[in-house]
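Let me begin by presenting the structure, written as structure tokens, before commenting on it.
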Amino acid sequence: MTSGPIPVIKGHGTGNDFILIPDLEGRIEMTADMAADLCDRRLGLGGDGVLRIVRCDADDDPAATGAEIFMDYRNSDGSLAQMCGNGIRVFAAYLVEQGLADPAGMDIATRGGVRHVFCRPDGLYDVAMGPALELPGVPSVAVGRMAFPASAIAMPNPHAVVFVGSLDAAGSLDEPPDVKPDDFFPEGVNVEFVQEIAPGHIAMRVHERGSGETLSCGTGACAAAYVARRRPGAQPDGPVRVDVPGGTLLVDEAEDGMHLIGPAEIVAEGELSPGWVARWE
């Protein structure tokens, strides 16, 4: 852990909330336990994940390449994830706010590859999320006494997308849904329950691996929109509106893959207490 005050920022994208740790020179070794401690909603700051902001040339992660800044992302349980669609918008908003990136366009390195982000005139952030990949096979997702066939999508995080008549079918989502076969998603899976509202308009709830039920999931919205666009009677083109408990996202498709469009808000800035920092030195 570096000496001196450590700045900390809190932000969210459609209710998916994150703790940002600026560490441009790579002096902080963020461990799983540290991230989980920060994300604890009773004993820490509270968040669905931690975003460490570090220059690529100051980090030895193999994914820290192809851009100037690397988004080192961990889920609220401390586990690593390939990408975070809501998190990268908050990440980009902070970079713009600090003069570290051009709102007209920036590249950000992630464990899922380099992602291009820009701020639209309406203030929403557009993220080029890359292509959605349909995985072979049809896993089953069970909640309570009900089981549903799911579409398996890599975005690049793994997703099991289930279409239901009502989002109430997902139940409380206090526990991870039971996904079969057990070895279908060896690294865990995000499960999206999706309801069709109208052509080009869906609503979604999600249980994220490593975080539980969240108010929004950007990669999940992309996976759900991808499947929705391929269902009978679907809107053939144009963005898909995805309503999540924390707000609304838009998902479009282009030659370079899926595009996630939504807001990002920085809500607080401060410093980690010296006592907390000392626990990890």
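Simple scheme: letters A, B, ... for chains in structure tokens order, numbers from 1 for residues in each chain, numbers from 1 for ligands in the order shown.
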Show me, as number ranges by chain, the residues that have an atom within 7 Å of Val114 (chain A) when counting only C-alpha atoms, minus same-chain residues fewer than 6 positions from it. A: 66-67, 107-108
Give me the region 171-239 of chain A side of the contact with region 149-159 of chain A, cut-off 6 Å, one line per residue showing its nearest atom pair and distance in Å at one decimal, counting only C-alpha atoms, sorted by chain and residue number, as a tab-separated table.
residue	atom	partner	partner_atom	distance
A:Val189	CA	A:Pro158	CA	5.2
A:Asn190	CA	A:His159	CA	4.8
A:Val191	CA	A:His159	CA	5.7
A:Thr219	CA	A:Met155	CA	5.9
I need the residues from that last selection saved to file as a PDB file, in the first residue's frame (with N, CA and C atoms), if you can.
ATOM      1  N   VAL A 189     -21.480 -17.311 -13.531  1.00  0.00           N
ATOM      2  CA  VAL A 189     -22.296 -16.729 -14.587  1.00  0.00           C
ATOM      3  C   VAL A 189     -23.206 -15.635 -14.034  1.00  0.00           C
ATOM      4  N   ASN A 190     -23.444 -14.623 -14.839  1.00  0.00           N
ATOM      5  CA  ASN A 190     -24.489 -13.637 -14.566  1.00  0.00           C
ATOM      6  C   ASN A 190     -25.787 -14.164 -15.173  1.00  0.00           C
ATOM      7  N   VAL A 191     -26.863 -14.098 -14.418  1.00  0.00           N
ATOM      8  CA  VAL A 191     -28.151 -14.592 -14.908  1.00  0.00           C
ATOM      9  C   VAL A 191     -29.107 -13.419 -15.078  1.00  0.00           C
ATOM     10  N   THR A 219     -23.062  -5.394 -19.250  1.00  0.00           N
ATOM     11  CA  THR A 219     -22.817  -6.516 -20.155  1.00  0.00           C
ATOM     12  C   THR A 219     -24.063  -7.396 -20.248  1.00  0.00           C
TER      13      THR A 219
END
Would you please give, as a count of residues only, all residues of region 55-209 of chain A that DSSP assigns to strand (DSSP E or B) based on the backbone? 67
Can you tell me, as a PDB file with N, CA and C atoms, in the first residue's frame, what residues are no more than 7 Å from Asp23 (chain A) when counting only C-alpha atoms, ignoring any on the same chain fewer than 5 positions away?
ATOM      1  N   ILE A  28      -0.624   0.901  -5.658  1.00  0.00           N
ATOM      2  CA  ILE A  28      -1.522   0.139  -4.785  1.00  0.00           C
ATOM      3  C   ILE A  28      -1.696  -1.269  -5.337  1.00  0.00           C
ATOM      4  N   ARG A  52     -10.082   0.240 -10.086  1.00  0.00           N
ATOM      5  CA  ARG A  52      -8.794   0.905  -9.863  1.00  0.00           C
ATOM      6  C   ARG A  52      -8.331   1.519 -11.171  1.00  0.00           C
ATOM      7  N   ILE A  53      -7.938   2.796 -11.121  1.00  0.00           N
ATOM      8  CA  ILE A  53      -7.555   3.555 -12.308  1.00  0.00           C
ATOM      9  C   ILE A  53      -6.034   3.606 -12.357  1.00  0.00           C
ATOM     10  N   VAL A  54      -5.426   2.951 -13.337  1.00  0.00           N
ATOM     11  CA  VAL A  54      -3.968   2.852 -13.379  1.00  0.00           C
ATOM     12  C   VAL A  54      -3.493   2.976 -14.828  1.00  0.00           C
TER      13      VAL A  54
END
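Excluding region 229-245 of chain A and any residue on its chain fewer than 4 positions from it, the residues at most 9 Å away by only C-alpha atoms are Thr14, Gly15, Ala198, Pro199, Gly200, His201, Ile202, Ala203, Met204, Arg205, Val206, Thr214, Leu215, Ser216, Cys217, Ala221, Cys222, Ala224, Ala225, Leu249, Leu250, Val251, Asp252, Glu253 and His259 of chain A.
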Would you pick out the contacts of Ala35 (chain A) at 8 Å or less, using only C-alpha atoms, so that residues sharing its chain but fewer than 6 positions from it are not included, and give the list as number ranges by chain? A: 49-50, 74-78
C-alpha atoms of the current selection, written as a compact mmCIF listing (two decimals), in the first residue's frame:
# COMPACT_ATOMS: atom_id res chain seq x y z
CA GLY A 49 -17.43 -3.39 -7.39
CA VAL A 50 -14.09 -1.58 -7.28
CA ARG A 74 -13.15 -6.43 -9.12
CA ASN A 75 -16.62 -7.59 -8.09
CA SER A 76 -17.91 -6.82 -4.60
CA ASP A 77 -16.63 -10.20 -3.33
CA GLY A 78 -13.15 -9.33 -4.57
Residues near region 91-105 of chain A, anyone? I mean within 9 Å using only C-alpha atoms, not counting same-chain ones fewer than 5 positions away, as number ranges by chain. A: 9, 11, 20, 51-53, 71, 86, 116-120, 125, 264-266
Output C-alpha atoms for every residue in the selection just made, as a PDB file, in the first residue's frame.
ATOM      1  CA  ILE A   9     -14.572   8.238  -5.503  1.00  0.00           C
ATOM      2  CA  GLY A  11     -20.188   6.743  -8.689  1.00  0.00           C
ATOM      3  CA  LEU A  20     -13.068   4.210  -7.854  1.00  0.00           C
ATOM      4  CA  LEU A  51     -12.502   0.202 -10.257  1.00  0.00           C
ATOM      5  CA  ARG A  52      -8.794   0.905  -9.863  1.00  0.00           C
ATOM      6  CA  ILE A  53      -7.555   3.555 -12.308  1.00  0.00           C
ATOM      7  CA  MET A  71      -9.564  -0.449 -15.709  1.00  0.00           C
ATOM      8  CA  ASN A  86     -21.825   0.288 -16.309  1.00  0.00           C
ATOM      9  CA  HIS A 116     -13.708   2.712 -26.993  1.00  0.00           C
ATOM     10  CA  VAL A 117     -15.937   5.166 -25.104  1.00  0.00           C
ATOM     11  CA  PHE A 118     -17.252   8.614 -25.954  1.00  0.00           C
ATOM     12  CA  CYS A 119     -19.668  11.091 -24.409  1.00  0.00           C
ATOM     13  CA  ARG A 120     -22.636  11.988 -26.605  1.00  0.00           C
ATOM     14  CA  TYR A 125     -21.794   7.584 -22.620  1.00  0.00           C
ATOM     15  CA  ALA A 264     -22.764   7.871 -15.515  1.00  0.00           C
ATOM     16  CA  GLU A 265     -22.702   9.919 -12.329  1.00  0.00           C
ATOM     17  CA  ILE A 266     -19.949  10.752  -9.850  1.00  0.00           C
TER      18      ILE A 266
END
Using only C-alpha atoms, pick whichever of A:Val143, A:Ala169, A:Leu124, A:Ala223 has the shortest atom-to-atom distance to Met258 (chain A). A:Ala223
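Residues of region 20-176 of chain A that DSSP, applied to the backbone, places in alpha helix (DSSP H): Ala32, Asp33, Met34, Ala35, Ala36, Asp37, Leu38, Cys39, Gly85, Asn86, Gly87, Ile88, Arg89, Val90, Phe91, Ala92, Ala93, Tyr94, Leu95, Val96 and Glu97 of chain A.
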Grab the residues selected above and save them as a PDB file, in the first residue's frame with N, CA and C atoms.
ATOM      1  N   ALA A  32      -8.097  -9.118  -3.343  1.00  0.00           N
ATOM      2  CA  ALA A  32      -9.504  -9.496  -3.258  1.00  0.00           C
ATOM      3  C   ALA A  32     -10.099  -9.098  -1.917  1.00  0.00           C
ATOM      4  N   ASP A  33      -9.354  -9.298  -0.844  1.00  0.00           N
ATOM      5  CA  ASP A  33      -9.858  -8.956   0.489  1.00  0.00           C
ATOM      6  C   ASP A  33     -10.064  -7.444   0.640  1.00  0.00           C
ATOM      7  N   MET A  34      -9.146  -6.661   0.103  1.00  0.00           N
ATOM      8  CA  MET A  34      -9.285  -5.208   0.176  1.00  0.00           C
ATOM      9  C   MET A  34     -10.531  -4.751  -0.566  1.00  0.00           C
ATOM     10  N   ALA A  35     -10.737  -5.274  -1.771  1.00  0.00           N
ATOM     11  CA  ALA A  35     -11.896  -4.885  -2.564  1.00  0.00           C
ATOM     12  C   ALA A  35     -13.200  -5.269  -1.864  1.00  0.00           C
ATOM     13  N   ALA A  36     -13.242  -6.489  -1.325  1.00  0.00           N
ATOM     14  CA  ALA A  36     -14.447  -6.935  -0.624  1.00  0.00           C
ATOM     15  C   ALA A  36     -14.708  -6.078   0.608  1.00  0.00           C
ATOM     16  N   ASP A  37     -13.661  -5.688   1.304  1.00  0.00           N
ATOM     17  CA  ASP A  37     -13.800  -4.843   2.488  1.00  0.00           C
ATOM     18  C   ASP A  37     -14.374  -3.476   2.115  1.00  0.00           C
ATOM     19  N   LEU A  38     -13.872  -2.886   1.044  1.00  0.00           N
ATOM     20  CA  LEU A  38     -14.370  -1.593   0.597  1.00  0.00           C
ATOM     21  C   LEU A  38     -15.841  -1.674   0.175  1.00  0.00           C
ATOM     22  N   CYS A  39     -16.221  -2.774  -0.462  1.00  0.00           N
ATOM     23  CA  CYS A  39     -17.572  -2.902  -1.004  1.00  0.00           C
ATOM     24  C   CYS A  39     -18.607  -3.292   0.046  1.00  0.00           C
ATOM     25  N   GLY A  85     -19.854  -3.051 -18.054  1.00  0.00           N
ATOM     26  CA  GLY A  85     -20.387  -2.031 -18.949  1.00  0.00           C
ATOM     27  C   GLY A  85     -20.828  -0.765 -18.244  1.00  0.00           C
ATOM     28  N   ASN A  86     -21.453  -0.903 -17.072  1.00  0.00           N
ATOM     29  CA  ASN A  86     -21.825   0.288 -16.309  1.00  0.00           C
ATOM     30  C   ASN A  86     -20.600   0.922 -15.665  1.00  0.00           C
ATOM     31  N   GLY A  87     -19.702   0.078 -15.166  1.00  0.00           N
ATOM     32  CA  GLY A  87     -18.506   0.581 -14.516  1.00  0.00           C
ATOM     33  C   GLY A  87     -17.611   1.371 -15.454  1.00  0.00           C
ATOM     34  N   ILE A  88     -17.476   0.930 -16.700  1.00  0.00           N
ATOM     35  CA  ILE A  88     -16.574   1.629 -17.612  1.00  0.00           C
ATOM     36  C   ILE A  88     -17.107   3.006 -17.971  1.00  0.00           C
ATOM     37  N   ARG A  89     -18.441   3.201 -17.920  1.00  0.00           N
ATOM     38  CA  ARG A  89     -18.982   4.540 -18.159  1.00  0.00           C
ATOM     39  C   ARG A  89     -18.641   5.467 -16.993  1.00  0.00           C
ATOM     40  N   VAL A  90     -18.774   4.958 -15.766  1.00  0.00           N
ATOM     41  CA  VAL A  90     -18.398   5.756 -14.592  1.00  0.00           C
ATOM     42  C   VAL A  90     -16.902   6.048 -14.630  1.00  0.00           C
ATOM     43  N   PHE A  91     -16.118   5.047 -14.978  1.00  0.00           N
ATOM     44  CA  PHE A  91     -14.673   5.178 -15.123  1.00  0.00           C
ATOM     45  C   PHE A  91     -14.352   6.286 -16.120  1.00  0.00           C
ATOM     46  N   ALA A  92     -15.013   6.249 -17.285  1.00  0.00           N
ATOM     47  CA  ALA A  92     -14.786   7.256 -18.324  1.00  0.00           C
ATOM     48  C   ALA A  92     -15.210   8.641 -17.863  1.00  0.00           C
ATOM     49  N   ALA A  93     -16.336   8.735 -17.154  1.00  0.00           N
ATOM     50  CA  ALA A  93     -16.805  10.029 -16.670  1.00  0.00           C
ATOM     51  C   ALA A  93     -15.792  10.652 -15.722  1.00  0.00           C
ATOM     52  N   TYR A  94     -15.167   9.839 -14.878  1.00  0.00           N
ATOM     53  CA  TYR A  94     -14.161  10.365 -13.969  1.00  0.00           C
ATOM     54  C   TYR A  94     -12.927  10.838 -14.738  1.00  0.00           C
ATOM     55  N   LEU A  95     -12.488  10.050 -15.732  1.00  0.00           N
ATOM     56  CA  LEU A  95     -11.342  10.464 -16.529  1.00  0.00           C
ATOM     57  C   LEU A  95     -11.598  11.808 -17.205  1.00  0.00           C
ATOM     58  N   VAL A  96     -12.797  11.981 -17.749  1.00  0.00           N
ATOM     59  CA  VAL A  96     -13.152  13.244 -18.399  1.00  0.00           C
ATOM     60  C   VAL A  96     -13.156  14.379 -17.377  1.00  0.00           C
ATOM     61  N   GLU A  97     -13.759  14.124 -16.222  1.00  0.00           N
ATOM     62  CA  GLU A  97     -13.846  15.145 -15.174  1.00  0.00           C
ATOM     63  C   GLU A  97     -12.465  15.615 -14.734  1.00  0.00           C
TER      64      GLU A  97
END
Residues at most 9 Å from region 267-271 of chain A, counting only C-alpha atoms, excluding those fewer than 5 positions away in the same chain, as a PDB file with C-alpha atoms, in the first residue's frame?
ATOM      1  CA  PRO A   5      -3.664   9.806   1.547  1.00  0.00           C
ATOM      2  CA  ILE A   6      -5.481   7.564  -0.920  1.00  0.00           C
ATOM      3  CA  PRO A   7      -8.296   9.303  -2.828  1.00  0.00           C
ATOM      4  CA  VAL A   8     -11.576   7.458  -3.281  1.00  0.00           C
ATOM      5  CA  ILE A   9     -14.572   8.238  -5.503  1.00  0.00           C
ATOM      6  CA  LYS A  10     -18.112   6.857  -5.528  1.00  0.00           C
ATOM      7  CA  GLY A  11     -20.188   6.743  -8.689  1.00  0.00           C
ATOM      8  CA  HIS A  12     -22.928   4.773 -10.391  1.00  0.00           C
TER       9      HIS A  12
END
To one decimal place in Å, what is the distance between CA of Val141 (chain A) and CA of Asn16 (chain A)? 23.2 Å
Give me, please, the distance in Å between CA of Phe18 (chain A) and CA of Gly47 (chain A), quoted to one decimal. 5.0 Å
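Minimum atom-to-atom distance to Glu208 (chain A), evaluated using only C-alpha atoms, belongs to A:Ser79 out of A:Gly262, A:Arg279, A:Ser79, A:Leu43.
Atom pair CA of Gly257 (chain A) / CA of Ala128 (chain A): separated by 7.1 Å.
Among the candidates A:Val194, A:Thr31, A:Gly212, A:Ala63, the one nearest to Glu175 (chain A) when counting only C-alpha atoms is A:Gly212.
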